[in-house]
file structure.pdb (PDB, C-alpha atoms, pLDDT in the B column)
ATOM      1  CA  MET A  22      -0.377  53.904 -14.751  1.00 58.00           C
ATOM      2  CA  SER A  23       3.215  55.054 -14.898  1.00 59.00           C
ATOM      3  CA  GLU A  24       6.251  52.882 -15.679  1.00 56.00           C
ATOM      4  CA  GLU A  25       7.436  53.113 -12.069  1.00 54.00           C
ATOM      5  CA  GLN A  26       4.116  51.789 -10.784  1.00 55.00           C
ATOM      6  CA  LYS A  27       4.203  48.889 -13.276  1.00 56.00           C
ATOM      7  CA  ASP A  28       7.781  48.037 -12.253  1.00 54.00           C
ATOM      8  CA  LEU A  29       6.815  48.213  -8.582  1.00 49.00           C
ATOM      9  CA  GLY A  30       3.827  45.941  -9.203  1.00 56.00           C
ATOM     10  CA  ASP A  31       6.007  43.439 -11.079  1.00 59.00           C
ATOM     11  CA  ASN A  32       8.617  43.476  -8.301  1.00 60.00           C
ATOM     12  CA  THR A  33       5.921  42.940  -5.667  1.00 59.00           C
ATOM     13  CA  ASN A  34       4.503  39.979  -7.597  1.00 66.00           C
ATOM     14  CA  ASP A  35       7.986  38.489  -8.026  1.00 69.00           C
ATOM     15  CA  PHE A  36       8.653  38.893  -4.305  1.00 65.00           C
ATOM     16  CA  ALA A  37       5.330  37.256  -3.422  1.00 63.00           C
ATOM     17  CA  ASP A  38       6.009  34.372  -5.816  1.00 70.00           C
ATOM     18  CA  ASN A  39       9.485  33.828  -4.345  1.00 69.00           C
ATOM     19  CA  ALA A  40       8.144  33.965  -0.786  1.00 60.00           C
ATOM     20  CA  ASN A  41       5.424  31.461  -1.658  1.00 63.00           C
ATOM     21  CA  LYS A  42       7.955  29.152  -3.306  1.00 73.00           C
ATOM     22  CA  THR A  43      10.291  29.367  -0.282  1.00 72.00           C
ATOM     23  CA  ALA A  44       7.435  28.663   2.132  1.00 60.00           C
ATOM     24  CA  ASN A  45       6.358  25.632   0.113  1.00 66.00           C
ATOM     25  CA  GLU A  46       9.931  24.292   0.009  1.00 70.00           C
ATOM     26  CA  PHE A  47      10.241  24.730   3.773  1.00 61.00           C
ATOM     27  CA  ALA A  48       6.911  22.974   4.386  1.00 60.00           C
ATOM     28  CA  ASN A  49       7.907  20.072   2.139  1.00 64.00           C
ATOM     29  CA  GLY A  50      11.267  19.765   3.906  1.00 63.00           C
ATOM     30  CA  ALA A  51       9.614  19.772   7.317  1.00 55.00           C
ATOM     31  CA  GLN A  52       7.116  17.160   6.174  1.00 57.00           C
ATOM     32  CA  GLU A  53       9.948  14.923   4.925  1.00 59.00           C
ATOM     33  CA  ALA A  54      11.842  15.339   8.180  1.00 54.00           C
ATOM     34  CA  LEU A  55       8.821  14.276  10.190  1.00 50.00           C
ATOM     35  CA  SER A  56       7.654  11.507   7.861  1.00 54.00           C
ATOM     36  CA  GLY A  57       9.105   8.806  10.129  1.00 49.00           C
ATOM     37  CA  VAL A  58       7.062  10.005  13.086  1.00 46.00           C
ATOM     38  CA  SER A  59       3.336   9.340  13.156  1.00 45.00           C
ATOM     39  CA  ALA A  60       0.841  11.988  14.241  1.00 43.00           C
ATOM     40  CA  GLY A  61       0.578  12.364  17.999  1.00 44.00           C
ATOM     41  CA  GLU A  62       3.709  10.267  18.621  1.00 56.00           C
ATOM     42  CA  GLU A  63       7.093  11.908  19.027  1.00 75.00           C
ATOM     43  CA  ASN A  64      10.513  10.400  18.641  1.00 83.00           C
ATOM     44  CA  LYS A  65      12.106  10.172  22.081  1.00 89.00           C
ATOM     45  CA  LYS A  66      15.567   9.162  20.865  1.00 91.00           C
ATOM     46  CA  VAL A  67      17.631  12.031  22.278  1.00 93.00           C
ATOM     47  CA  LEU A  68      15.760  12.180  25.586  1.00 93.00           C
ATOM     48  CA  ALA A  69      15.989   8.413  26.143  1.00 93.00           C
ATOM     49  CA  GLY A  70      19.636   8.322  25.020  1.00 94.00           C
ATOM     50  CA  VAL A  71      20.816  11.113  27.295  1.00 94.00           C
ATOM     51  CA  LEU A  72      18.855   9.784  30.270  1.00 94.00           C
ATOM     52  CA  ALA A  73      20.276   6.303  29.650  1.00 95.00           C
ATOM     53  CA  LEU A  74      23.804   7.716  29.707  1.00 95.00           C
ATOM     54  CA  LEU A  75      23.252   9.779  32.855  1.00 94.00           C
ATOM     55  CA  LEU A  76      20.660   7.793  34.823  1.00 92.00           C
ATOM     56  CA  GLY A  77      20.737   4.407  33.127  1.00 92.00           C
ATOM     57  CA  TYR A  78      21.339   2.637  36.413  1.00 92.00           C
ATOM     58  CA  LEU A  79      17.866   3.785  37.534  1.00 93.00           C
ATOM     59  CA  GLY A  80      16.180   2.636  34.325  1.00 93.00           C
ATOM     60  CA  VAL A  81      14.738   6.106  33.679  1.00 93.00           C
ATOM     61  CA  HIS A  82      15.135   5.668  29.921  1.00 93.00           C
ATOM     62  CA  LYS A  83      12.967   2.540  30.094  1.00 94.00           C
ATOM     63  CA  PHE A  84      10.164   4.436  31.790  1.00 94.00           C
ATOM     64  CA  ILE A  85      10.403   7.241  29.186  1.00 92.00           C
ATOM     65  CA  LEU A  86       9.905   4.683  26.411  1.00 92.00           C
ATOM     66  CA  GLY A  87       6.974   3.073  28.243  1.00 92.00           C
ATOM     67  CA  TYR A  88       8.735  -0.076  29.461  1.00 93.00           C
ATOM     68  CA  GLN A  89       7.681  -0.111  33.119  1.00 95.00           C
ATOM     69  CA  LYS A  90       8.521  -3.784  33.751  1.00 95.00           C
ATOM     70  CA  GLU A  91      11.998  -3.401  32.234  1.00 93.00           C
ATOM     71  CA  GLY A  92      12.582  -0.195  34.221  1.00 93.00           C
ATOM     72  CA  ILE A  93      11.822  -1.980  37.468  1.00 95.00           C
ATOM     73  CA  ILE A  94      14.088  -4.869  36.420  1.00 94.00           C
ATOM     74  CA  GLN A  95      16.888  -2.357  35.766  1.00 94.00           C
ATOM     75  CA  ILE A  96      16.499  -0.803  39.231  1.00 94.00           C
ATOM     76  CA  ILE A  97      16.488  -4.211  40.959  1.00 95.00           C
ATOM     77  CA  ALA A  98      19.486  -5.409  38.906  1.00 95.00           C
ATOM     78  CA  THR A  99      21.418  -2.273  39.830  1.00 94.00           C
ATOM     79  CA  ILE A 100      20.712  -2.784  43.531  1.00 95.00           C
ATOM     80  CA  VAL A 101      21.554  -6.507  43.443  1.00 96.00           C
ATOM     81  CA  THR A 102      24.820  -5.958  41.538  1.00 95.00           C
ATOM     82  CA  CYS A 103      25.841  -2.913  43.608  1.00 93.00           C
ATOM     83  CA  GLY A 104      25.609  -0.643  40.565  1.00 90.00           C
ATOM     84  CA  PHE A 105      27.358  -2.849  38.015  1.00 93.00           C
ATOM     85  CA  ALA A 106      24.108  -3.315  36.042  1.00 92.00           C
ATOM     86  CA  GLY A 107      24.180   0.436  35.409  1.00 91.00           C
ATOM     87  CA  LEU A 108      26.537  -0.335  32.524  1.00 94.00           C
ATOM     88  CA  VAL A 109      23.558  -1.821  30.686  1.00 93.00           C
ATOM     89  CA  GLY A 110      21.849   1.578  30.707  1.00 93.00           C
ATOM     90  CA  PHE A 111      25.034   3.306  29.596  1.00 94.00           C
ATOM     91  CA  VAL A 112      25.466   0.910  26.662  1.00 95.00           C
ATOM     92  CA  GLU A 113      21.809   1.329  25.707  1.00 94.00           C
ATOM     93  CA  GLY A 114      22.256   5.100  25.714  1.00 94.00           C
ATOM     94  CA  ILE A 115      25.117   4.801  23.244  1.00 96.00           C
ATOM     95  CA  ILE A 116      23.058   2.453  21.063  1.00 95.00           C
ATOM     96  CA  TYR A 117      20.056   4.798  21.139  1.00 94.00           C
ATOM     97  CA  LEU A 118      22.096   7.835  20.143  1.00 94.00           C
ATOM     98  CA  THR A 119      23.944   6.086  17.299  1.00 95.00           C
ATOM     99  CA  LYS A 120      20.781   4.859  15.577  1.00 93.00           C
ATOM    100  CA  SER A 121      19.053   7.028  12.991  1.00 92.00           C
ATOM    101  CA  ASP A 122      15.846   8.734  14.120  1.00 90.00           C
ATOM    102  CA  GLU A 123      13.693   6.514  11.930  1.00 90.00           C
ATOM    103  CA  GLU A 124      15.465   3.308  12.978  1.00 92.00           C
ATOM    104  CA  PHE A 125      15.161   4.206  16.681  1.00 91.00           C
ATOM    105  CA  TYR A 126      11.484   5.081  16.309  1.00 89.00           C
ATOM    106  CA  ASN A 127      10.660   1.881  14.430  1.00 90.00           C
ATOM    107  CA  THR A 128      12.693  -0.355  16.758  1.00 91.00           C
ATOM    108  CA  TYR A 129      11.931   0.976  20.225  1.00 89.00           C
ATOM    109  CA  GLN A 130       8.693   2.930  19.938  1.00 88.00           C
ATOM    110  CA  VAL A 131       6.759   1.070  17.241  1.00 87.00           C
ATOM    111  CA  GLY A 132       8.439  -2.363  17.476  1.00 86.00           C
ATOM    112  CA  ARG A 133       8.608  -2.185  21.294  1.00 84.00           C
ATOM    113  CA  LYS A 134      12.028  -3.865  21.596  1.00 85.00           C
ATOM    114  CA  PRO A 135      12.788  -3.561  25.338  1.00 82.00           C
ATOM    115  CA  TRP A 136      16.491  -4.483  25.547  1.00 81.00           C
ATOM    116  CA  PHE A 137      19.441  -3.540  23.337  1.00 73.00           C
TER     117      PHE A 137
END
call {"tool": "encode", "arguments": {"input": "structure.pdb", "output": "structure tokens"}}
result
Amino acid sequence: MSEEQKDLGDNTNDFADNANKTANEFANGAQEALSGVSAGEENKKVLAGVLALLLGYLGVHKFILGYQKEGIIQIIATIVTCGFAGLVGFVEGIIYLTKSDEEFYNTYQVGRKPWF
């Protein structure tokens, strides 16, 4: 085997080792990022927050989080107050979006806290 072939083999092994190390670091980072979310359950923070800001008066964010009773209450309150109760949804949207992902998940999806 010539010197060039040995150098090429060493470079290939170094490249493979670096690629493996990078892949492992990426996998560990992704695992850490998702550690707050259990398998099969996704964090709905952004979706619920944006819908609360835009359609909070209809209680859409409540239905997204699985709070059917509270969603219906929000719709009825909005009708009875001629839309004034829509501010509740707007405020909830701001609260949702300012919480950390883990805090939102634990409070509203695991802890099932329906209001504020």
call {"tool": "residues_around", "arguments": {"input": "structure.pdb", "residues": "region 70-80 of chain A", "least_positions_apart": "5", "cutoff": "7 Å", "atoms": "all atoms listed in the file", "output": "list in words"}}
result
Gly92, Gln95, Ile96, Thr99, Gly104, Ala106, Gly107, Gly110, Phe111, Glu113, Gly114, Ile115, Tyr117 and Leu118 of chain A
call {"tool": "write_last_selection", "arguments": {"input": "structure.pdb", "atoms": "C-alpha atoms", "output": "compact mmCIF listing (two decimals), in the coordinates of the input"}}
result
# COMPACT_ATOMS: atom_id res chain seq x y z
CA GLY A 92 12.58 -0.20 34.22
CA GLN A 95 16.89 -2.36 35.77
CA ILE A 96 16.50 -0.80 39.23
CA THR A 99 21.42 -2.27 39.83
CA GLY A 104 25.61 -0.64 40.56
CA ALA A 106 24.11 -3.32 36.04
CA GLY A 107 24.18 0.44 35.41
CA GLY A 110 21.85 1.58 30.71
CA PHE A 111 25.03 3.31 29.60
CA GLU A 113 21.81 1.33 25.71
CA GLY A 114 22.26 5.10 25.71
CA ILE A 115 25.12 4.80 23.24
CA TYR A 117 20.06 4.80 21.14
CA LEU A 118 22.10 7.84 20.14
call {"tool": "residues_around", "arguments": {"input": "structure.pdb", "residues": "Phe125 (chain A)", "least_positions_apart": "4", "cutoff": "10 Å", "atoms": "only C-alpha atoms", "output": "VMD selection string"}}
result
chain A and resid 64 to 67 116 to 121 129 to 132 134
call {"tool": "atom_distance", "arguments": {"input": "structure.pdb", "atom1": "CA of Glu46 (chain A)", "atom2": "CA of Glu63 (chain A)"}}
result
22.9 Å
call {"tool": "residues_around", "arguments": {"input": "structure.pdb", "residues": "Pro135 (chain A)", "least_positions_apart": "4", "cutoff": "8 Å", "atoms": "only C-alpha atoms", "output": "count of residues only"}}
result
4
call {"tool": "atom_distance", "arguments": {"input": "structure.pdb", "atom1": "CA of Val81 (chain A)", "atom2": "CA of Ile94 (chain A)"}}
result
11.3 Å
call {"tool": "atom_distance", "arguments": {"input": "structure.pdb", "atom1": "CA of Tyr126 (chain A)", "atom2": "CA of Phe105 (chain A)"}}
result
28.0 Å
call {"tool": "axis_aligned_box", "arguments": {"input": "structure.pdb", "around": "region 129-133 of chain A", "padding_each_side": "5 Å", "output": "lines of an AutoDock Vina configuration file"}}
result
center_x = 9.3
center_y = 0.3
center_z = 19.3
size_x = 15.2
size_y = 15.3
size_z = 14.1
